[in-house]
Each structure stands twice: as structure tokens, then as C-alpha cells.
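Content type compact mmCIF, C-alpha atoms, from the file start13.txt:
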# COMPACT_ATOMS: atom_id res chain seq x y z
CA MET D 1 152.59 160.23 118.55
CA ASP D 2 150.06 157.66 117.36
CA TYR D 3 146.34 157.94 118.06
CA SER D 4 143.15 155.99 117.36
CA ILE D 5 139.84 157.23 116.00
CA ILE D 6 136.44 155.79 116.93
CA VAL D 7 133.40 156.90 114.96
CA VAL D 8 130.02 156.11 116.53
CA GLY D 9 126.71 155.81 114.70
CA ASP D 10 124.36 153.23 113.20
CA GLU D 11 123.76 155.61 110.29
CA LEU D 12 127.41 155.22 109.27
CA LEU D 13 127.28 151.44 109.23
CA ILE D 14 124.22 151.30 106.98
CA GLY D 15 125.67 153.85 104.55
CA GLN D 16 123.10 156.54 105.28
CA VAL D 17 125.86 158.96 106.29
CA THR D 18 129.51 159.01 105.21
CA ASP D 19 132.28 159.49 107.77
CA THR D 20 134.31 162.56 106.87
CA ASN D 21 135.54 163.35 110.38
CA SER D 22 138.31 160.75 110.50
CA GLY D 23 139.89 162.01 107.28
CA TRP D 24 139.75 165.62 108.48
CA ILE D 25 141.31 164.68 111.82
CA ALA D 26 144.12 162.74 110.15
CA ARG D 27 144.93 165.57 107.72
CA ASN D 28 144.97 168.21 110.42
CA LEU D 29 147.00 166.30 113.01
CA ARG D 30 149.60 165.16 110.50
CA PRO D 31 151.45 168.51 110.45
CA TYR D 32 152.19 167.99 114.15
CA GLY D 33 153.84 164.64 113.49
CA TRP D 34 150.85 162.64 114.77
CA LYS D 35 149.81 159.47 112.94
CA THR D 36 146.49 157.64 112.79
CA LYS D 37 146.98 154.11 114.08
CA SER D 38 143.42 152.92 113.42
CA VAL D 39 139.92 154.08 112.52
CA LYS D 40 136.94 152.07 113.72
CA VAL D 41 133.25 152.66 113.08
CA VAL D 42 130.92 151.21 115.72
CA SER D 43 127.17 151.11 116.28
CA ASP D 44 125.23 152.95 118.96
CA ASP D 45 125.72 150.04 121.33
CA ALA D 46 127.34 150.43 124.77
CA LYS D 47 129.23 147.12 124.68
CA GLU D 48 130.56 147.80 121.18
CA ILE D 49 131.71 151.29 122.19
CA GLU D 50 133.46 150.00 125.32
CA LYS D 51 135.12 147.20 123.35
CA ALA D 52 136.35 149.70 120.75
CA ILE D 53 137.81 151.93 123.49
CA ASP D 54 139.65 148.99 125.09
CA GLU D 55 141.14 147.99 121.73
CA ALA D 56 142.13 151.58 120.91
CA PHE D 57 143.82 152.12 124.28
CA ASP D 58 145.75 148.87 123.79
CA GLN D 59 147.28 150.45 120.68
CA THR D 60 147.62 154.14 121.54
CA ASP D 61 147.59 156.66 124.38
CA VAL D 62 145.13 158.96 122.62
CA VAL D 63 141.63 158.12 121.38
CA LEU D 64 139.55 160.63 119.42
CA MET D 65 135.85 159.78 119.28
CA THR D 66 133.08 161.40 117.25
CA GLY D 67 129.34 160.86 117.25
CA GLY D 68 126.54 159.74 119.53
CA LEU D 69 126.29 162.99 121.51
CA GLY D 70 122.90 164.17 120.28
CA PRO D 71 119.91 164.84 122.54
CA THR D 72 117.85 161.79 121.51
CA LYS D 73 117.64 158.42 123.24
CA ASP D 74 119.64 156.59 120.56
CA ASP D 75 122.68 158.77 121.30
CA ILE D 76 124.30 156.83 124.14
CA THR D 77 127.97 157.79 123.88
CA LYS D 78 127.88 160.16 126.85
CA SER D 79 126.29 157.67 129.24
CA THR D 80 128.60 154.91 128.02
CA LEU D 81 131.67 157.05 128.67
CA CYS D 82 130.38 157.86 132.14
CA GLU D 83 130.11 154.15 132.85
CA TYR D 84 133.54 153.45 131.36
CA PHE D 85 135.47 156.20 133.15
CA GLY D 86 133.38 156.27 136.31
CA GLY D 87 131.63 159.11 138.12
CA GLU D 88 128.06 160.25 137.68
CA MET D 89 126.05 162.47 135.39
CA VAL D 90 125.92 166.03 136.70
CA LEU D 91 124.53 169.32 135.45
CA ASP D 92 127.34 171.57 134.21
CA GLU D 93 126.20 175.18 134.55
CA ALA D 94 128.76 176.50 132.06
CA THR D 95 127.53 174.00 129.47
CA LEU D 96 123.92 174.98 130.13
CA LEU D 97 124.76 178.63 129.51
CA ASN D 98 126.57 177.66 126.31
CA VAL D 99 123.58 175.64 125.08
CA GLU D 100 121.29 178.60 125.78
CA GLU D 101 123.59 180.95 123.89
CA VAL D 102 123.83 178.65 120.86
CA LEU D 103 120.05 178.21 120.75
CA ASN D 104 119.46 181.95 121.09
CA LYS D 105 121.72 182.63 118.12
CA ARG D 106 119.60 180.19 116.10
CA GLY D 107 116.34 181.75 117.26
CA LEU D 108 115.36 178.61 119.18
CA THR D 109 114.07 178.08 122.71
CA MET D 110 115.33 175.58 125.26
CA ASN D 111 113.45 172.29 125.68
CA ASP D 112 114.04 169.28 127.93
CA LEU D 113 116.24 167.50 125.38
CA ASN D 114 118.41 170.58 124.95
CA HIS D 115 118.65 170.93 128.73
CA ASN D 116 119.90 167.34 128.99
CA GLN D 117 122.84 168.26 126.76
CA ALA D 118 124.27 170.07 129.80
CA MET D 119 124.37 166.80 131.78
CA VAL D 120 127.95 165.51 131.64
CA PRO D 121 130.02 162.81 133.38
CA SER D 122 131.73 164.10 136.52
CA SER D 123 134.86 162.25 135.37
CA CYS D 124 135.40 164.48 132.33
CA ARG D 125 136.70 167.96 131.65
CA VAL D 126 134.25 169.81 129.43
CA ILE D 127 135.35 171.70 126.33
CA GLN D 128 132.52 174.06 125.44
CA ASN D 129 131.14 173.70 121.91
CA ARG D 130 130.61 177.25 120.68
CA VAL D 131 128.96 176.09 117.42
CA GLY D 132 126.68 173.36 118.78
CA THR D 133 124.79 172.15 121.82
CA ALA D 134 126.72 168.92 122.44
CA PRO D 135 129.75 169.57 124.69
CA LEU D 136 133.12 168.03 123.95
CA MET D 137 134.50 165.87 126.77
CA TRP D 138 138.11 165.19 127.74
CA PHE D 139 138.73 162.03 129.80
CA GLU D 140 142.00 160.83 131.34
CA LYS D 141 142.78 157.36 132.67
CA ASP D 142 146.14 155.72 133.38
CA ASP D 143 148.02 158.46 131.46
CA LYS D 144 145.76 157.93 128.46
CA VAL D 145 143.36 160.49 126.96
CA LEU D 146 140.03 160.14 125.20
CA VAL D 147 138.33 163.15 123.64
CA SER D 148 134.67 162.76 122.71
CA MET D 149 133.32 165.14 120.06
CA PRO D 150 130.03 165.64 118.15
CA GLY D 151 129.49 163.76 114.92
CA VAL D 152 128.42 166.86 112.97
CA PRO D 153 131.46 167.56 110.75
CA PHE D 154 131.24 171.35 111.01
CA GLU D 155 131.21 171.18 114.79
CA THR D 156 134.04 168.65 114.98
CA GLU D 157 136.24 170.55 112.54
CA THR D 158 135.67 173.91 114.20
CA MET D 159 136.29 172.74 117.75
CA MET D 160 139.20 170.45 116.81
CA ALA D 161 140.97 173.39 115.19
CA GLU D 162 140.16 175.92 117.91
CA ALA D 163 140.47 173.84 121.08
CA VAL D 164 141.23 170.13 120.83
CA ILE D 165 144.40 170.20 118.73
CA PRO D 166 146.05 172.98 120.78
CA GLN D 167 145.24 171.13 124.00
CA LEU D 168 146.52 167.81 122.66
CA VAL D 169 149.80 169.41 121.59
CA GLU D 170 150.15 171.11 124.96
CA HIS D 171 149.35 167.91 126.89
CA PHE D 172 151.71 165.70 124.90
CA MET D 173 154.63 168.07 124.44
CA ASN D 174 156.71 167.11 121.43
CA ASP D 175 160.33 168.29 121.57
CA LYS D 176 160.87 167.52 117.89
CA TYR D 177 160.89 170.15 115.17
CA ILE D 178 158.49 169.33 112.33
CA GLU D 179 158.29 170.95 108.92
CA TYR D 180 156.17 170.18 105.86
CA ARG D 181 156.42 171.57 102.34
CA THR D 182 153.87 170.79 99.64
CA PHE D 183 154.22 171.28 95.88
CA VAL D 184 151.41 171.03 93.32
CA VAL D 185 152.62 169.30 90.15
CA ILE D 186 150.82 169.04 86.79
CA ASP D 187 151.29 167.16 83.49
CA TYR D 188 152.77 164.04 85.11
CA SER D 189 151.28 160.65 85.86
CA GLU D 190 152.16 159.32 89.28
CA SER D 191 154.38 156.56 87.89
CA VAL D 192 156.27 158.86 85.51
CA LEU D 193 156.77 161.41 88.27
CA ALA D 194 158.11 158.71 90.60
CA LEU D 195 160.60 157.62 87.94
CA THR D 196 161.61 161.24 87.31
CA LEU D 197 162.26 161.77 91.02
CA ALA D 198 163.86 158.38 91.72
CA ASP D 199 167.38 159.80 92.08
CA PHE D 200 166.13 162.80 94.07
CA GLU D 201 164.27 160.47 96.43
CA SER D 202 167.25 158.17 96.90
CA ARG D 203 169.32 161.13 98.14
CA LEU D 204 166.86 162.34 100.76
CA PRO D 205 168.26 162.70 104.29
CA GLU D 206 167.04 160.07 106.75
CA PHE D 207 164.88 162.62 108.55
CA VAL D 208 162.98 163.62 105.38
CA LYS D 209 160.18 161.66 103.71
CA LEU D 210 158.53 162.23 100.33
CA ALA D 211 154.85 161.45 99.77
CA TYR D 212 152.88 161.40 96.50
CA LEU D 213 149.30 162.65 96.94
CA PRO D 214 147.52 162.34 93.58
CA LYS D 215 144.20 163.93 92.68
CA PRO D 216 142.53 164.01 89.27
CA GLY D 217 144.76 166.14 87.05
CA VAL D 218 147.32 167.08 89.70
CA ILE D 219 149.79 165.49 92.08
CA ARG D 220 150.77 167.02 95.39
CA LEU D 221 154.29 166.26 96.55
CA ARG D 222 154.81 166.57 100.28
CA LEU D 223 158.20 166.71 101.95
CA SER D 224 158.06 165.90 105.68
CA ALA D 225 160.96 166.46 108.04
CA ILE D 226 161.15 165.63 111.74
CA GLY D 227 164.25 166.11 113.88
CA ASP D 228 165.97 167.82 116.78
CA ASP D 229 167.80 170.59 114.94
CA GLU D 230 165.51 173.24 113.45
CA ALA D 231 168.31 175.00 111.55
CA GLU D 232 169.49 171.75 109.98
CA ILE D 233 165.96 170.86 108.87
CA LYS D 234 165.26 174.29 107.38
CA ALA D 235 168.54 174.26 105.44
CA ALA D 236 167.88 170.75 104.12
CA MET D 237 164.33 171.61 103.09
CA ASP D 238 165.51 174.76 101.28
CA ASP D 239 168.03 172.68 99.30
CA LEU D 240 165.42 170.03 98.48
CA GLU D 241 162.91 172.63 97.32
CA LYS D 242 165.53 174.15 95.03
CA SER D 243 166.32 170.70 93.60
CA LEU D 244 162.64 169.99 92.93
CA TYR D 245 162.27 173.19 90.96
CA GLU D 246 165.42 172.37 88.97
CA ILE D 247 163.97 168.97 88.05
CA LEU D 248 160.30 169.84 87.49
CA GLY D 249 160.45 173.53 86.56
CA LYS D 250 157.13 174.93 85.35
CA ASN D 251 155.35 171.69 86.17
CA ILE D 252 155.24 172.98 89.75
CA ILE D 253 152.38 175.48 89.81
CA ALA D 254 152.33 176.09 93.58
CA ASN D 255 154.62 175.54 96.55
CA GLU D 256 151.82 175.22 99.06
CA ASP D 257 148.85 172.89 99.45
CA LYS D 258 146.17 174.57 97.35
CA THR D 259 143.45 173.39 95.00
CA PRO D 260 143.60 174.40 91.32
CA SER D 261 140.75 176.84 91.97
CA GLU D 262 142.67 178.47 94.82
CA ILE D 263 145.77 178.75 92.65
CA LEU D 264 143.72 180.24 89.82
CA GLY D 265 142.14 182.75 92.17
CA GLY D 266 145.50 183.89 93.44
CA LEU D 267 146.78 184.44 89.90
CA LEU D 268 143.67 186.38 88.85
CA LEU D 269 144.06 188.65 91.87
CA LYS D 270 147.76 189.09 91.15
CA HIS D 271 147.06 190.17 87.56
CA ASN D 272 143.91 192.11 88.48
CA MET D 273 141.83 190.11 86.03
CA THR D 274 138.24 188.87 86.00
CA LEU D 275 136.78 185.53 84.94
CA ALA D 276 133.58 184.04 83.53
CA THR D 277 132.73 180.46 82.59
CA ALA D 278 130.64 179.00 79.78
CA GLU D 279 129.76 175.40 80.55
CA SER D 280 127.89 172.64 78.82
CA CYS D 281 128.89 169.14 79.95
CA THR D 282 130.26 170.35 83.31
CA GLY D 283 126.90 171.92 84.13
CA GLY D 284 128.26 174.75 86.28
CA ASN D 285 130.80 172.64 88.16
CA VAL D 286 133.70 174.88 87.11
CA ALA D 287 131.86 177.87 88.55
CA HIS D 288 131.06 175.84 91.66
CA THR D 289 134.71 175.02 92.38
CA ILE D 290 135.73 178.63 91.74
CA THR D 291 133.14 180.02 94.15
CA GLN D 292 134.13 177.54 96.85
CA VAL D 293 137.17 179.77 97.34
CA ALA D 294 136.55 182.53 99.88
CA GLY D 295 136.89 185.96 98.28
CA SER D 296 136.23 184.71 94.74
CA SER D 297 133.76 187.56 94.20
CA ALA D 298 136.81 189.79 93.71
CA TYR D 299 137.53 188.15 90.34
CA PHE D 300 134.65 185.82 89.36
CA VAL D 301 131.83 187.59 87.52
CA GLY D 302 129.44 184.81 86.54
CA SER D 303 128.64 181.81 84.40
CA VAL D 304 126.45 180.72 81.52
CA VAL D 305 125.42 177.05 81.66
CA SER D 306 124.70 176.61 77.95
CA TYR D 307 123.42 173.06 78.13
CA CYS D 308 121.34 173.24 74.96
CA ASN D 309 122.43 174.43 71.53
CA GLY D 310 119.89 177.27 71.61
CA VAL D 311 121.73 178.94 74.49
CA LYS D 312 125.09 178.40 72.80
CA LYS D 313 123.73 180.04 69.68
CA ASN D 314 121.50 182.82 71.02
CA LEU D 315 123.44 183.85 74.12
CA LEU D 316 127.06 182.99 73.38
CA GLY D 317 127.10 183.55 69.63
CA VAL D 318 128.05 180.08 68.41
CA PRO D 319 127.09 180.07 64.70
CA GLU D 320 124.26 177.73 63.78
CA LYS D 321 126.37 176.45 60.88
CA VAL D 322 129.10 175.36 63.32
CA LEU D 323 126.58 173.54 65.50
CA ASN D 324 125.09 171.80 62.46
CA THR D 325 128.37 170.81 60.82
CA GLU D 326 130.95 170.51 63.62
CA GLY D 327 128.56 169.82 66.48
CA ALA D 328 128.35 171.14 70.02
CA VAL D 329 131.35 169.05 71.03
CA SER D 330 133.92 170.72 68.84
CA GLU D 331 136.82 173.13 68.81
CA PRO D 332 135.02 176.06 67.11
CA THR D 333 132.10 175.72 69.51
CA VAL D 334 134.14 176.01 72.71
CA ARG D 335 136.29 178.73 71.17
CA GLN D 336 133.21 180.88 70.55
CA MET D 337 131.75 179.95 73.95
CA SER D 338 134.81 181.46 75.65
CA LEU D 339 134.74 184.55 73.47
CA GLY D 340 130.99 184.89 73.85
CA VAL D 341 130.80 184.68 77.63
CA SER D 342 133.80 186.99 78.01
CA SER D 343 132.11 189.60 75.82
CA LEU D 344 128.70 189.09 77.41
CA LEU D 345 129.95 189.49 80.98
CA GLY D 346 132.84 191.85 80.25
CA THR D 347 135.69 189.78 81.67
CA ASP D 348 139.39 189.51 80.92
CA CYS D 349 139.40 185.70 81.10
CA ALA D 350 137.01 182.88 80.31
CA VAL D 351 136.87 179.10 80.12
CA ALA D 352 134.43 176.86 78.28
CA THR D 353 133.57 173.15 78.22
CA SER D 354 131.46 171.02 75.91
CA GLY D 355 131.55 167.25 75.87
CA ILE D 356 129.91 163.88 76.36
CA ALA D 357 129.87 162.99 80.04
CA GLY D 358 127.91 159.78 79.50
CA PRO D 359 126.83 157.16 80.03
CA GLY D 360 125.02 157.75 76.74
CA GLY D 361 125.36 160.33 74.00
CA ALA D 362 128.34 158.94 72.12
CA VAL D 363 128.50 159.54 68.36
CA PRO D 364 130.98 158.25 65.74
CA GLY D 365 134.36 159.80 66.43
CA LYS D 366 133.22 161.21 69.76
CA PRO D 367 133.05 158.47 72.40
CA VAL D 368 131.82 158.98 75.95
CA GLY D 369 134.35 161.05 77.86
CA THR D 370 135.23 163.30 74.92
CA VAL D 371 135.43 166.91 76.08
CA TRP D 372 136.47 170.01 74.17
CA MET D 373 137.73 172.85 76.38
CA SER D 374 138.97 176.38 75.82
CA ALA D 375 140.62 179.02 77.97
CA LYS D 376 140.92 182.70 77.16
CA CYS D 377 143.21 185.23 78.83
CA GLY D 378 143.25 188.67 77.26
CA ASP D 379 144.01 188.20 73.55
CA ARG D 380 145.31 184.65 74.00
CA LEU D 381 143.00 181.68 73.59
CA VAL D 382 143.84 177.97 73.65
CA THR D 383 141.72 174.90 73.02
CA GLU D 384 142.18 171.22 73.84
CA CYS D 385 140.27 168.00 73.34
CA ARG D 386 140.60 165.20 75.88
CA ARG D 387 138.94 161.87 76.46
CA PHE D 388 138.46 161.29 80.16
CA PRO D 389 137.73 157.74 81.34
CA GLY D 390 135.31 156.74 84.06
CA SER D 391 131.83 157.58 85.27
CA ARG D 392 129.82 160.69 84.47
CA ASP D 393 130.92 162.32 87.72
CA ARG D 394 134.53 161.42 86.99
CA VAL D 395 134.40 162.98 83.51
CA ILE D 396 132.90 166.18 84.90
CA GLU D 397 135.52 166.34 87.66
CA ARG D 398 138.42 165.75 85.28
CA ALA D 399 137.15 168.30 82.76
CA THR D 400 136.68 170.86 85.53
CA THR D 401 140.24 170.45 86.76
CA HIS D 402 141.76 170.36 83.28
CA VAL D 403 140.13 173.54 82.00
CA THR D 404 141.10 175.30 85.23
CA LEU D 405 144.72 174.24 84.67
CA MET D 406 144.56 175.49 81.07
CA LEU D 407 143.79 178.99 82.32
CA ILE D 408 146.41 178.74 85.08
CA LYS D 409 149.04 178.01 82.41
CA LEU D 410 147.96 181.05 80.40
CA LEU D 411 148.21 183.24 83.47
CA LEU D 412 151.67 181.83 84.20
CA GLY D 413 152.75 182.82 80.71
CA GLU D 414 152.98 179.38 79.15
Structure encoded using C-alpha cells:
Amino acid sequence: MDYSIIVVGDELLIGQVTDTNSGWIARNLRPYGWKTKSVKVVSDDAKEIEKAIDEAFDQTDVVLMTGGLGPTKDDITKSTLCEYFGGEMVLDEATLLNVEEVLNKRGLTMNDLNHNQAMVPSSCRVIQNRVGTAPLMWFEKDDKVLVSMPGVPFETETMMAEAVIPQLVEHFMNDKYIEYRTFVVIDYSESVLALTLADFESRLPEFVKLAYLPKPGVIRLRLSAIGDDEAEIKAAMDDLEKSLYEILGKNIIANEDKTPSEILGGLLLKHNMTLATAESCTGGNVAHTITQVAGSSAYFVGSVVSYCNGVKKNLLGVPEKVLNTEGAVSEPTVRQMSLGVSSLLGTDCAVATSGIAGPGGAVPGKPVGTVWMSAKCGDRLVTECRRFPGSRDRVIERATTHVTLMLIKLLLGE
């Protein structure tokens, strides 16, 4: 099933806000075999919205729309949809009760603008928004469906997952069996990995597709199978998974779609170990990615952002002689940073980073992008120096991922 996405909002067209909804929708409908045909961003203009709907319905039977459902006068999506699909604006009592409940939970009182959120086109079926005041609206016309949702990403994501996706699947019953398997691969460039898997890919059954999904430092391989026979698909996918492990071995660090921080967290829990970070050039970003994982308090103790040499020396125990002779960006510095933060916070594991994120700060022999990293697990400690290309943000991101992978390898026994 193909579908179109329409994103409404002047703020998106002027770059004040970035559209994240379309990407989330595409990622979360893909497992059901649904494909995004087009994504269009339009202004808060009735004629532009109507034109976008006409074009989308020419291409697909399903249109998913986000934005323009706020309580202010510039949010015209609701009235435009009423004009497009017919009917009149009516007060929906169930929506009014939902708005009151949401406001009460936030400690707010109802005003006229909030009350107007309960006015909906009579031509739609309302899907109550339990995390916001703007109702979702389901329209049908000539066997085609349009679902209008709020532009606030949290609201869209929550209600898509809880209500919209299940209703779409139920409405457009798909008699095909669909299965996805994802593998997280490290220590390969995309081109080298493609060459390594060329023979494997050439032997894939017609109903199986292989996708390469690279991120800094890792590549996710996704096998997708769609067919009529569930048993045949499962057997084929089992054989293909076995073949991938035979080819890539330890370079596969997970057989499900997880971030390096999620993989690391799972390993720390498995081994009943704790972690601390000592960060200079990454400025706490390693700790940030670790604590983005729900439940990370079970293994993550804390972090020392030792941005200046005084903190490296006085808190983490890096010898002044090392800082004066080798410098902050050096192997002995990050080695002691790992040991120091592990001792200070009483953890089994630790990672450390110190480098030159740029755009300035380069010294002879240490260009911008040079980062020394260390990872400690029990009595084992490893260090590496890498030069990461790109912007300051890119260097920080790459260093964060790489030092996380260093500790993952230690926990996997490499």
C-alpha cells in the first residue's frame, strides 16, 4: 500500500521548525509493507492545502496530514478540510470532554480558543487525542482516506502508534505476510560491506530485499520479506540470518534495530556491570546518549566533563607531567581519565574522550578531528586514536559512537 504525506505550516517553509513527523510516519508504517509515495510541505493557505490533497489522492488512496490544527486563527487546516469534504462545523461533546481532561492534567483552565478545538467537521470521524487538545480527524471520500493529525511530534507519534496505524491496517486489510530482520554491523564502510555481501545479495529469493541503512560508525542491514506463505518466509529468513552470521561473524553486534547505546545498555545489564564516562571534547554527549535509553539508571552512575586540564588533573588524576609533555589529547591522558572516573565513581566500566573537535585548536601532529578515546571493562583497558572528518558536531557524534563501540567490543569479549 502506498500513501502520501502532507505537512502543513508556514514555520516549516521558512526553516523555523523542522519536519520530523514524515520520517517517523515512514519508519513506523514500513514494517506493515506500506510505502511513502510523496511528502509535500505546504503553507497555511486553503488553496495550497486543497491542491496538495488533490495531487496526493491522484497518486494514492491514503493521505496522512499533520499540522495546522492549533487553536489560533492561522491554523486553518480544520476549516479547509470541512470545505473540501463537505458538511459543517459542529461541537463534538466527546472532544470537548477530552480537551477538558487534557487541560486539567496540565493544571490549565478552559478558554474560548480551547473550546473551539472541540468544533469539528461533521464529515469526519474523530479520533480523540489523549495527549493534546487538537482532535485527529478521519475523512473518507470515494474509497480514499485522509487522516489529519496535530503537528506536535509527540502528539502525532503517540496517537499514530496507539490509534491511527491499527485503524489503517484494519481498514486496508493486507493478506500478505510481512517480516523484517535488522542487523547492526560495525567496522565496515558501506561500499566494502556491499562488496562483501554481493554474492549473498545475488542469491536472495525474489520475495526478499536487502537494504543498507548507514549511520556514523555503524550500518544497519535490513532484510524485508513479503509473501503469501508465512512458513516459507520464516524458513528463508532463518537461512539468510545464518548466512549473514557466517559471512560477517563478530561484526554483527545486534540482530535487532538498536542504537549503540541501547546495545551497550543491554550488555551492561547482562553482565551486571556499571559505567561512568570522562569526557573532554564530547562535552557530555556520551553520557547524553546513554541516558536517552530508558532504564539506564540501572547501570549508568555518572559522568565527569573534564573540559579543562585542571579537572583532568585534580579530579581524574592525570599527571601534570603528562599534560605538559604529551598534552590533553593523548593516549596516557585518556587512559588515566578512564581509570580516574572509574575509581572516583566506583564503576566496573568507563570510557573517556579527549580531542580537537574544531574548527580551531589544531596543533602540529594533531589536526582538527583528532580524538583519543579509551574504554575500560574490569581489568581490561583499550585506547584508540582516530581522526574524524567533518564539522564540530560531526566529530563529536563520531567520537561518541566510536567510544561506545569500543566498550561494546570489550563486553563481547573481543
Inset, instruction - Please measure the separation of atom CA of D:Cys82 and atom CA of D:Ser123, giving the value in Å to one decimal. - result: 7.1 Å
Legend entry - D:Ser43, D:Ser297, D:Thr60, D:Asn314 ranked by distance to D:Asp143, top pick (using all atoms listed in the file):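 When distances to D:Asp143 are compared using all atoms listed in the file, the smallest one comes from D:Thr60.
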Can you check which parts of stretch 294-313 of chain D lie within 12 Å of stretch 323-339 of chain D? Per residue, the shortest pair of atoms and distance in Å to one decimal, counting all atoms listed in the file, sorted by chain and number, as a Markdown table.
| residue | atom | partner | partner_atom | distance |
| --- | --- | --- | --- | --- |
| D:Ser303 | CA | D:Ser338 | CA | 10.7 |
| D:Val304 | CA | D:Met337 | CA | 9.3 |
| D:Val305 | CA | D:Met337 | CA | 10.4 |
| D:Ser306 | CA | D:Met337 | CA | 8.8 |
| D:Tyr307 | CA | D:Ala328 | CA | 9.7 |
| D:Cys308 | CA | D:Ala328 | CA | 8.8 |
| D:Asn309 | CA | D:Ala328 | CA | 6.9 |
| D:Gly310 | CA | D:Leu323 | CA | 9.8 |
| D:Val311 | CA | D:Met337 | CA | 10.1 |
| D:Lys312 | CA | D:Met337 | CA | 6.9 |
| D:Lys313 | CA | D:Leu323 | CA | 8.2 |
Legend entry - Spatial neighbours of D:Gly33, 7 Å, all atoms listed in the file, chain gap at least 3 places, as a PyMOL selection string: chain D and resi 1+30+178
Inset, instruction - Work out how far apart atom CA of D:Leu69 and atom CA of D:Lys35 are and give it in Å to one decimal. - result: 25.3 Å
Could I get stretch 152-174 of chain D rebuilt with N, CA and C atoms, written as a PDB file, in the coordinates of the input?
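Saved as rebuild.pdb:
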ATOM      1  N   VAL D 152     128.653 165.872 114.032  1.00  0.00           N
ATOM      2  CA  VAL D 152     128.420 166.860 112.970  1.00  0.00           C
ATOM      3  C   VAL D 152     129.764 167.394 112.492  1.00  0.00           C
ATOM      4  N   PRO D 153     130.117 167.178 111.225  1.00  0.00           N
ATOM      5  CA  PRO D 153     131.460 167.560 110.750  1.00  0.00           C
ATOM      6  C   PRO D 153     131.839 169.004 111.025  1.00  0.00           C
ATOM      7  N   PHE D 154     130.920 169.939 110.793  1.00  0.00           N
ATOM      8  CA  PHE D 154     131.240 171.350 111.010  1.00  0.00           C
ATOM      9  C   PHE D 154     131.631 171.608 112.458  1.00  0.00           C
ATOM     10  N   GLU D 155     130.914 170.984 113.379  1.00  0.00           N
ATOM     11  CA  GLU D 155     131.210 171.180 114.790  1.00  0.00           C
ATOM     12  C   GLU D 155     132.557 170.543 115.162  1.00  0.00           C
ATOM     13  N   THR D 156     132.780 169.325 114.684  1.00  0.00           N
ATOM     14  CA  THR D 156     134.040 168.650 114.980  1.00  0.00           C
ATOM     15  C   THR D 156     135.227 169.424 114.422  1.00  0.00           C
ATOM     16  N   GLU D 157     135.129 169.838 113.171  1.00  0.00           N
ATOM     17  CA  GLU D 157     136.240 170.550 112.540  1.00  0.00           C
ATOM     18  C   GLU D 157     136.531 171.870 113.237  1.00  0.00           C
ATOM     19  N   THR D 158     135.486 172.615 113.548  1.00  0.00           N
ATOM     20  CA  THR D 158     135.670 173.910 114.200  1.00  0.00           C
ATOM     21  C   THR D 158     136.327 173.766 115.557  1.00  0.00           C
ATOM     22  N   MET D 159     135.787 172.863 116.380  1.00  0.00           N
ATOM     23  CA  MET D 159     136.290 172.740 117.750  1.00  0.00           C
ATOM     24  C   MET D 159     137.625 171.997 117.819  1.00  0.00           C
ATOM     25  N   MET D 160     137.870 171.078 116.881  1.00  0.00           N
ATOM     26  CA  MET D 160     139.200 170.450 116.810  1.00  0.00           C
ATOM     27  C   MET D 160     140.257 171.505 116.556  1.00  0.00           C
ATOM     28  N   ALA D 161     139.992 172.372 115.570  1.00  0.00           N
ATOM     29  CA  ALA D 161     140.970 173.390 115.190  1.00  0.00           C
ATOM     30  C   ALA D 161     141.176 174.413 116.302  1.00  0.00           C
ATOM     31  N   GLU D 162     140.077 174.833 116.933  1.00  0.00           N
ATOM     32  CA  GLU D 162     140.160 175.920 117.910  1.00  0.00           C
ATOM     33  C   GLU D 162     140.626 175.449 119.286  1.00  0.00           C
ATOM     34  N   ALA D 163     140.235 174.238 119.697  1.00  0.00           N
ATOM     35  CA  ALA D 163     140.470 173.840 121.080  1.00  0.00           C
ATOM     36  C   ALA D 163     141.180 172.508 121.255  1.00  0.00           C
ATOM     37  N   VAL D 164     140.719 171.473 120.554  1.00  0.00           N
ATOM     38  CA  VAL D 164     141.230 170.130 120.830  1.00  0.00           C
ATOM     39  C   VAL D 164     142.684 169.974 120.411  1.00  0.00           C
ATOM     40  N   ILE D 165     143.018 170.361 119.185  1.00  0.00           N
ATOM     41  CA  ILE D 165     144.400 170.200 118.730  1.00  0.00           C
ATOM     42  C   ILE D 165     145.374 170.983 119.604  1.00  0.00           C
ATOM     43  N   PRO D 166     145.124 172.275 119.890  1.00  0.00           N
ATOM     44  CA  PRO D 166     146.050 172.980 120.780  1.00  0.00           C
ATOM     45  C   PRO D 166     146.213 172.307 122.141  1.00  0.00           C
ATOM     46  N   GLN D 167     145.148 171.768 122.693  1.00  0.00           N
ATOM     47  CA  GLN D 167     145.240 171.130 124.000  1.00  0.00           C
ATOM     48  C   GLN D 167     145.970 169.790 123.935  1.00  0.00           C
ATOM     49  N   LEU D 168     145.778 169.060 122.837  1.00  0.00           N
ATOM     50  CA  LEU D 168     146.520 167.810 122.660  1.00  0.00           C
ATOM     51  C   LEU D 168     148.020 168.075 122.556  1.00  0.00           C
ATOM     52  N   VAL D 169     148.377 169.079 121.765  1.00  0.00           N
ATOM     53  CA  VAL D 169     149.800 169.410 121.590  1.00  0.00           C
ATOM     54  C   VAL D 169     150.404 169.850 122.904  1.00  0.00           C
ATOM     55  N   GLU D 170     149.648 170.644 123.674  1.00  0.00           N
ATOM     56  CA  GLU D 170     150.150 171.110 124.960  1.00  0.00           C
ATOM     57  C   GLU D 170     150.297 169.944 125.952  1.00  0.00           C
ATOM     58  N   HIS D 171     149.331 169.019 125.937  1.00  0.00           N
ATOM     59  CA  HIS D 171     149.350 167.910 126.890  1.00  0.00           C
ATOM     60  C   HIS D 171     150.466 166.916 126.595  1.00  0.00           C
ATOM     61  N   PHE D 172     150.667 166.657 125.302  1.00  0.00           N
ATOM     62  CA  PHE D 172     151.710 165.700 124.900  1.00  0.00           C
ATOM     63  C   PHE D 172     152.821 166.487 124.215  1.00  0.00           C
ATOM     64  N   MET D 173     153.596 167.202 124.988  1.00  0.00           N
ATOM     65  CA  MET D 173     154.630 168.070 124.440  1.00  0.00           C
ATOM     66  C   MET D 173     155.601 167.268 123.574  1.00  0.00           C
ATOM     67  N   ASN D 174     155.806 167.767 122.371  1.00  0.00           N
ATOM     68  CA  ASN D 174     156.710 167.110 121.430  1.00  0.00           C
ATOM     69  C   ASN D 174     157.944 167.986 121.255  1.00  0.00           C
TER      70      ASN D 174
END
